[in-house]
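These notes are about the structure you will find just below.
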There are 2 protein chains.
Amino acid sequence: MKPTIDDIAKKAGVSKATVSRVLNDKSEGVSEATRVRIKALIQELAFQPCAVARGLATGKSRSVGLIIPDIANPFYPPLVRGIESALFKRGYGLFLCDSDKDVGKEKEHIRSLLEKRVDGVILSSVISDCDCQLDLLEERGTPFVLLDRIIETRKGGAAVYLDNRRGAKIATDHLIRRGVSRLLFINGPEDLALSKLRLLGVQEAWNEGPGERKPIILRHGDYTATSGESIVVELLEETRGKPHFNGIFAANDMMALGALRTLKKWKIRVPQDVGLVGFDDVEAAQYVDPPLTTIAQPTFEMGKKGAELLLRLMDGEKPRKRIVVMEPRLVIRGSTGDITYSIGG
Amino acid sequence: MKPTIDDIAKKAGVSKATVSRVLNDKSEGVSEATRVRIKALIQELAFQPCAVARGLATGKSRSVGLIIPDIANPFYPPLVRGIESALFKRGYGLFLCDSDKDVGKEKEHIRSLLEKRVDGVILSSVISDCDCQLDLLEERGTPFVLLDRIIETRKGGAAVYLDNRRGAKIATDHLIRRGVSRLLFINGPEDLALSKLRLLGVQEAWNEGPGERKPIILRHGDYTATSGESIVVELLEETRGKPHFNGIFAANDMMALGALRTLKKWKIRVPQDVGLVGFDDVEAAQYVDPPLTTIAQPTFEMGKKGAELLLRLMDGEKPRKRIVVMEPRLVIRGSTGDITYSIGG
DNA sequence: CTGTTAGCGCATTCAG
DNA sequence: CTGAATGCGCTAACAG
């Protein structure tokens, strides 16, 4: 077996308390001479303090849990990266939990993380009103940060999310500027708080912008390319292939890509016949034809900020800004082309 | 604070040894009556055994570490998902470590995981001869599985990887069948064992196939789209925009997408002028224009198999099959079209 | 500056 | 079938 703190203490001819002191870099309480001697011994024997024993003694595990709905969704990897890098810098480990978009699994994961005595949790919940999950965390007194989720009912909750309403508004404004007068808005699941905010943004732009426009055609997808496809197919079939819209805004890129694929299949030109805007700016967006105009989220930054906020909370700080709102950015590409549609056409 | 095993024991009027027994489902040693009583109490008080204390007592942390070069690389998410799901089923936690393609960080991560006393490690190393990292693990006696990496020098190492040679051969065979006579092979970094195997596969196909072919043009990229771009740009500039190749095989999809983008920019038609095959089958591959023909890897399965192999090792088994080789699959899409090129053209 | 003494919360002997 | 005792490896008072 590997050496323990006792081995070091014996070899150095001191008590383990002293070794513990140099291990934890306690500035006072150890003479320079013994400190050096002990450090050398630690080096020599390649001694690694057991984090488990440490955790039991201190009540801190120096690890945090992250729960996300689906790591295979291209939105999350940069987020995870941001989190991991911030945590790693501070010496924290990251437990990754994939809830598979299943509230039940999500709860199980929280339970399991609590058992593991993580010092904090970052949660990107599947549903918006994740109250019962949060209750578990609060009972334990485990700090947590909500990521990419609006915190509605909680009083003092911490969260990092994008200004989704503004993102939706920017996207819609852009389409309006391009002359889109009949908009298909493919929103996310209806019950998500996020979806409601985006709808507000779309409506705001649509009602306030200059010019004349038909009522918005609103549909709900589930963030998969397939759902984007089937929504557009259904609409096109209803009108025998002649689209009753000349602009589409999809709540994420995957649905936009699905829509794009369908449009091409039906020989509807993008952007000439229909302008298309997505949301997220996933990697694929720049490689499709035409490249997809989209609303970029600073995902890496969001992850980083979320982790930093959590670190603060775990340090016992009471940061005044417990809600961090990130700004969306419009990335204009070919799918809204240089074309301006005839207004009211 | 949360209840401990002592609280349960006292309330139940038994010793904590008994509680421990029902906690661990020891079949013998507890009467059905007390067992039921204790279980009820556990439920009632929402008692969760502390995994940290458990770990210290048993020497097992019920967690494993995963080290990958870059979670933002679309190749990894499905892999991680496969790993996580297999581990979760067995009640293991997963520490995610992103080495950022940096050998130094990779070693740090291993050290840190060892401190955390993980029961096992899954490593997708940045470099091929990761001997010193593995030494650390072997010293500790921590089981590990190499993922997507060939294990060359180790005697009894465990690993899961794709038959890369075969994948490269299949891709090249396909291009040959399409009539490609002058091949540009954009390989990965030259020093990777993986790259060597792929080169072997390409050469095998190229030399053994029917018909006549020019020597392979070999270049090395770093798996980024940008590197794919610049390699093709350089080649095209050399020959004033007239490509001296009519087929490209890239060692991953990102480089293939970079190549595709460049070809389009130079008005070279895919697949009519140049056929293009990638590797990995990332999500974007099916959405680009033309959709990318590519070699699919069963990444989710690889992750799953890797985790299962590790679980076996951690259980103390000595599985005879410590090397799992997965089969590549050719996915034919538009980038190698229905076109057959004129041979020797 | 340093050693001694207690736990942290649980599993695991060994007696009873 | 059950309880008391011991230790996992380390930190944290408290003495000296």
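Going by the structure tokens order, chains are called A, B, ..., each with residues numbered from 1, while ligands are numbered from 1 in the order shown.
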
Residues of chain D within 12 Å of chain B, only C-alpha atoms (C1' of nucleotides) counted, as a PyMOL selection string = chain D and resi 1-10

Can you spit out the residues from that selection as a PDB file, in the first residue's frame, using C-alpha atoms (C1' of nucleotides)?
```pdb
ATOM      1  C1'  DC D   1     -29.128 -12.631  15.477  1.00  0.00           C
ATOM      2  C1'  DT D   2     -26.776  -8.621  17.764  1.00  0.00           C
ATOM      3  C1'  DG D   3     -23.386  -5.440  20.188  1.00  0.00           C
ATOM      4  C1'  DA D   4     -18.817  -3.605  21.521  1.00  0.00           C
ATOM      5  C1'  DA D   5     -14.494  -2.531  19.915  1.00  0.00           C
ATOM      6  C1'  DT D   6     -11.250  -1.124  16.476  1.00  0.00           C
ATOM      7  C1'  DG D   7      -9.473   1.337  12.650  1.00  0.00           C
ATOM      8  C1'  DC D   8      -9.645   3.657   7.779  1.00  0.00           C
ATOM      9  C1'  DG D   9      -6.176   8.494   7.196  1.00  0.00           C
ATOM     10  C1'  DC D  10      -6.503  12.822   8.215  1.00  0.00           C
TER      11       DC D  10
END
```

Proximal residues of chain A relative to chain B (only C-alpha atoms; 8 Å) as a PyMOL selection string = chain A and resi 1-2+48-53+55-56+61+71-72+74+77-78+80-81+84-85+93-98+115-117+140+257+261+283-284+287-289

Grab the residues selected above and save them as an mmCIF file, in the first residue's frame with N, CA and C atoms.
```cif
data_model
loop_
_atom_site.group_PDB
_atom_site.id
_atom_site.type_symbol
_atom_site.label_atom_id
_atom_site.label_comp_id
_atom_site.auth_asym_id
_atom_site.auth_seq_id
_atom_site.Cartn_x
_atom_site.Cartn_y
_atom_site.Cartn_z
ATOM 1 N N MET A 1 0.823 -1.220 0.000
ATOM 2 C CA MET A 1 0.000 0.000 0.000
ATOM 3 C C MET A 1 0.851 1.261 0.000
ATOM 4 N N LYS A 2 0.224 2.306 -0.350
ATOM 5 C CA LYS A 2 0.885 3.611 -0.412
ATOM 6 C C LYS A 2 1.144 4.138 0.994
ATOM 7 N N GLN A 48 0.915 10.926 -1.321
ATOM 8 C CA GLN A 48 -0.263 11.679 -1.724
ATOM 9 C C GLN A 48 -1.296 11.578 -0.624
ATOM 10 N N PRO A 49 -1.648 12.672 -0.002
ATOM 11 C CA PRO A 49 -2.656 12.612 1.051
ATOM 12 C C PRO A 49 -3.971 12.070 0.500
ATOM 13 N N CYS A 50 -4.607 11.238 1.244
ATOM 14 C CA CYS A 50 -5.850 10.612 0.798
ATOM 15 C C CYS A 50 -7.006 11.599 0.923
ATOM 16 N N ALA A 51 -7.561 11.953 -0.232
ATOM 17 C CA ALA A 51 -8.630 12.956 -0.242
ATOM 18 C C ALA A 51 -9.863 12.463 0.505
ATOM 19 N N VAL A 52 -10.067 11.162 0.523
ATOM 20 C CA VAL A 52 -11.247 10.618 1.196
ATOM 21 C C VAL A 52 -11.144 10.859 2.702
ATOM 22 N N ALA A 53 -10.008 10.520 3.262
ATOM 23 C CA ALA A 53 -9.801 10.728 4.697
ATOM 24 C C ALA A 53 -9.886 12.217 5.019
ATOM 25 N N GLY A 55 -11.522 14.414 3.400
ATOM 26 C CA GLY A 55 -12.908 14.825 3.297
ATOM 27 C C GLY A 55 -13.678 14.485 4.557
ATOM 28 N N LEU A 56 -13.428 13.318 5.072
ATOM 29 C CA LEU A 56 -14.146 12.905 6.279
ATOM 30 C C LEU A 56 -13.782 13.814 7.452
ATOM 31 N N SER A 61 -15.401 17.808 0.404
ATOM 32 C CA SER A 61 -14.878 16.791 -0.511
ATOM 33 C C SER A 61 -14.075 17.396 -1.653
ATOM 34 N N ILE A 71 -25.316 15.339 -22.607
ATOM 35 C CA ILE A 71 -23.989 15.813 -23.016
ATOM 36 C C ILE A 71 -23.802 15.721 -24.520
ATOM 37 N N ALA A 72 -24.606 14.878 -25.178
ATOM 38 C CA ALA A 72 -24.469 14.729 -26.621
ATOM 39 C C ALA A 72 -25.112 15.898 -27.367
ATOM 40 N N PRO A 74 -25.005 19.347 -28.602
ATOM 41 C CA PRO A 74 -23.798 20.170 -28.820
ATOM 42 C C PRO A 74 -23.772 21.466 -28.022
ATOM 43 N N PRO A 77 -21.239 20.692 -24.399
ATOM 44 C CA PRO A 77 -19.792 20.502 -24.247
ATOM 45 C C PRO A 77 -19.002 21.776 -23.920
ATOM 46 N N PRO A 78 -19.227 22.887 -24.624
ATOM 47 C CA PRO A 78 -18.459 24.080 -24.256
ATOM 48 C C PRO A 78 -18.768 24.545 -22.828
ATOM 49 N N VAL A 80 -19.577 22.629 -20.332
ATOM 50 C CA VAL A 80 -18.864 21.731 -19.423
ATOM 51 C C VAL A 80 -17.389 22.106 -19.358
ATOM 52 N N ARG A 81 -16.871 22.439 -20.516
ATOM 53 C CA ARG A 81 -15.470 22.817 -20.587
ATOM 54 C C ARG A 81 -15.201 24.054 -19.722
ATOM 55 N N GLU A 84 -15.389 22.953 -16.109
ATOM 56 C CA GLU A 84 -14.259 22.115 -15.702
ATOM 57 C C GLU A 84 -12.993 22.936 -15.530
ATOM 58 N N SER A 85 -12.751 23.842 -16.463
ATOM 59 C CA SER A 85 -11.503 24.599 -16.388
ATOM 60 C C SER A 85 -11.478 25.504 -15.158
ATOM 61 N N GLY A 93 -12.738 18.689 -8.157
ATOM 62 C CA GLY A 93 -13.102 17.646 -9.107
ATOM 63 C C GLY A 93 -14.536 17.836 -9.549
ATOM 64 N N LEU A 94 -14.859 17.304 -10.721
ATOM 65 C CA LEU A 94 -16.205 17.483 -11.265
ATOM 66 C C LEU A 94 -16.877 16.139 -11.526
ATOM 67 N N PHE A 95 -17.975 15.904 -10.822
ATOM 68 C CA PHE A 95 -18.788 14.724 -11.097
ATOM 69 C C PHE A 95 -19.765 15.067 -12.208
ATOM 70 N N LEU A 96 -19.650 14.361 -13.315
ATOM 71 C CA LEU A 96 -20.566 14.623 -14.417
ATOM 72 C C LEU A 96 -21.757 13.674 -14.367
ATOM 73 N N CYS A 97 -22.940 14.234 -14.388
ATOM 74 C CA CYS A 97 -24.154 13.420 -14.387
ATOM 75 C C CYS A 97 -25.013 13.799 -15.575
ATOM 76 N N ASP A 98 -25.407 12.814 -16.335
ATOM 77 C CA ASP A 98 -26.273 13.039 -17.483
ATOM 78 C C ASP A 98 -27.678 12.575 -17.103
ATOM 79 N N GLU A 115 -25.030 12.110 -1.376
ATOM 80 C CA GLU A 115 -24.363 11.014 -0.663
ATOM 81 C C GLU A 115 -22.858 11.156 -0.749
ATOM 82 N N LYS A 116 -22.410 11.572 -1.919
ATOM 83 C CA LYS A 116 -20.968 11.720 -2.127
ATOM 84 C C LYS A 116 -20.453 12.970 -1.442
ATOM 85 N N ARG A 117 -21.350 13.732 -0.862
ATOM 86 C CA ARG A 117 -20.984 14.934 -0.111
ATOM 87 C C ARG A 117 -20.238 15.951 -0.957
ATOM 88 N N ARG A 140 -29.866 20.085 2.737
ATOM 89 C CA ARG A 140 -28.502 19.708 3.077
ATOM 90 C C ARG A 140 -27.615 20.938 3.284
ATOM 91 N N LEU A 257 -31.708 23.322 -38.524
ATOM 92 C CA LEU A 257 -31.092 22.461 -39.527
ATOM 93 C C LEU A 257 -32.129 21.499 -40.097
ATOM 94 N N ARG A 261 -33.175 21.378 -44.007
ATOM 95 C CA ARG A 261 -33.145 20.166 -44.810
ATOM 96 C C ARG A 261 -34.476 19.966 -45.538
ATOM 97 N N GLU A 283 -21.455 24.110 -33.872
ATOM 98 C CA GLU A 283 -20.393 24.031 -34.867
ATOM 99 C C GLU A 283 -20.935 23.807 -36.278
ATOM 100 N N ALA A 284 -21.929 22.944 -36.380
ATOM 101 C CA ALA A 284 -22.461 22.596 -37.692
ATOM 102 C C ALA A 284 -23.016 23.811 -38.421
ATOM 103 N N TYR A 287 -21.146 25.193 -41.312
ATOM 104 C CA TYR A 287 -20.761 24.307 -42.407
ATOM 105 C C TYR A 287 -21.913 23.924 -43.310
ATOM 106 N N VAL A 288 -23.143 24.203 -42.901
ATOM 107 C CA VAL A 288 -24.256 23.828 -43.752
ATOM 108 C C VAL A 288 -24.339 24.800 -44.921
ATOM 109 N N ASP A 289 -25.210 24.457 -45.864
ATOM 110 C CA ASP A 289 -25.344 25.301 -47.034
ATOM 111 C C ASP A 289 -26.792 25.699 -47.194
#
```

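Note that DSSP on the backbone gives strand (DSSP E) to these residues of region 224-278 of chain A: Gly247, Ile248, Phe249, Ala250, Gly275, Leu276, Val277 and Gly278 of chain A.
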
Proximity check chain C to chain A, 10 Å, nearest pairs one decimal Å, only C-alpha atoms (C1' of nucleotides), as CSV:
```
residue,atom,partner,partner_atom,distance
C:DC1,C1',A:Gly29,CA,5.4
C:DT2,C1',A:Thr18,CA,7.0
C:DG3,C1',A:Ser15,CA,6.2
C:DT4,C1',A:Ser15,CA,9.2
C:DG7,C1',A:Ala57,CA,8.3
C:DC8,C1',A:Ala57,CA,4.7
C:DG9,C1',A:Leu56,CA,7.6
```
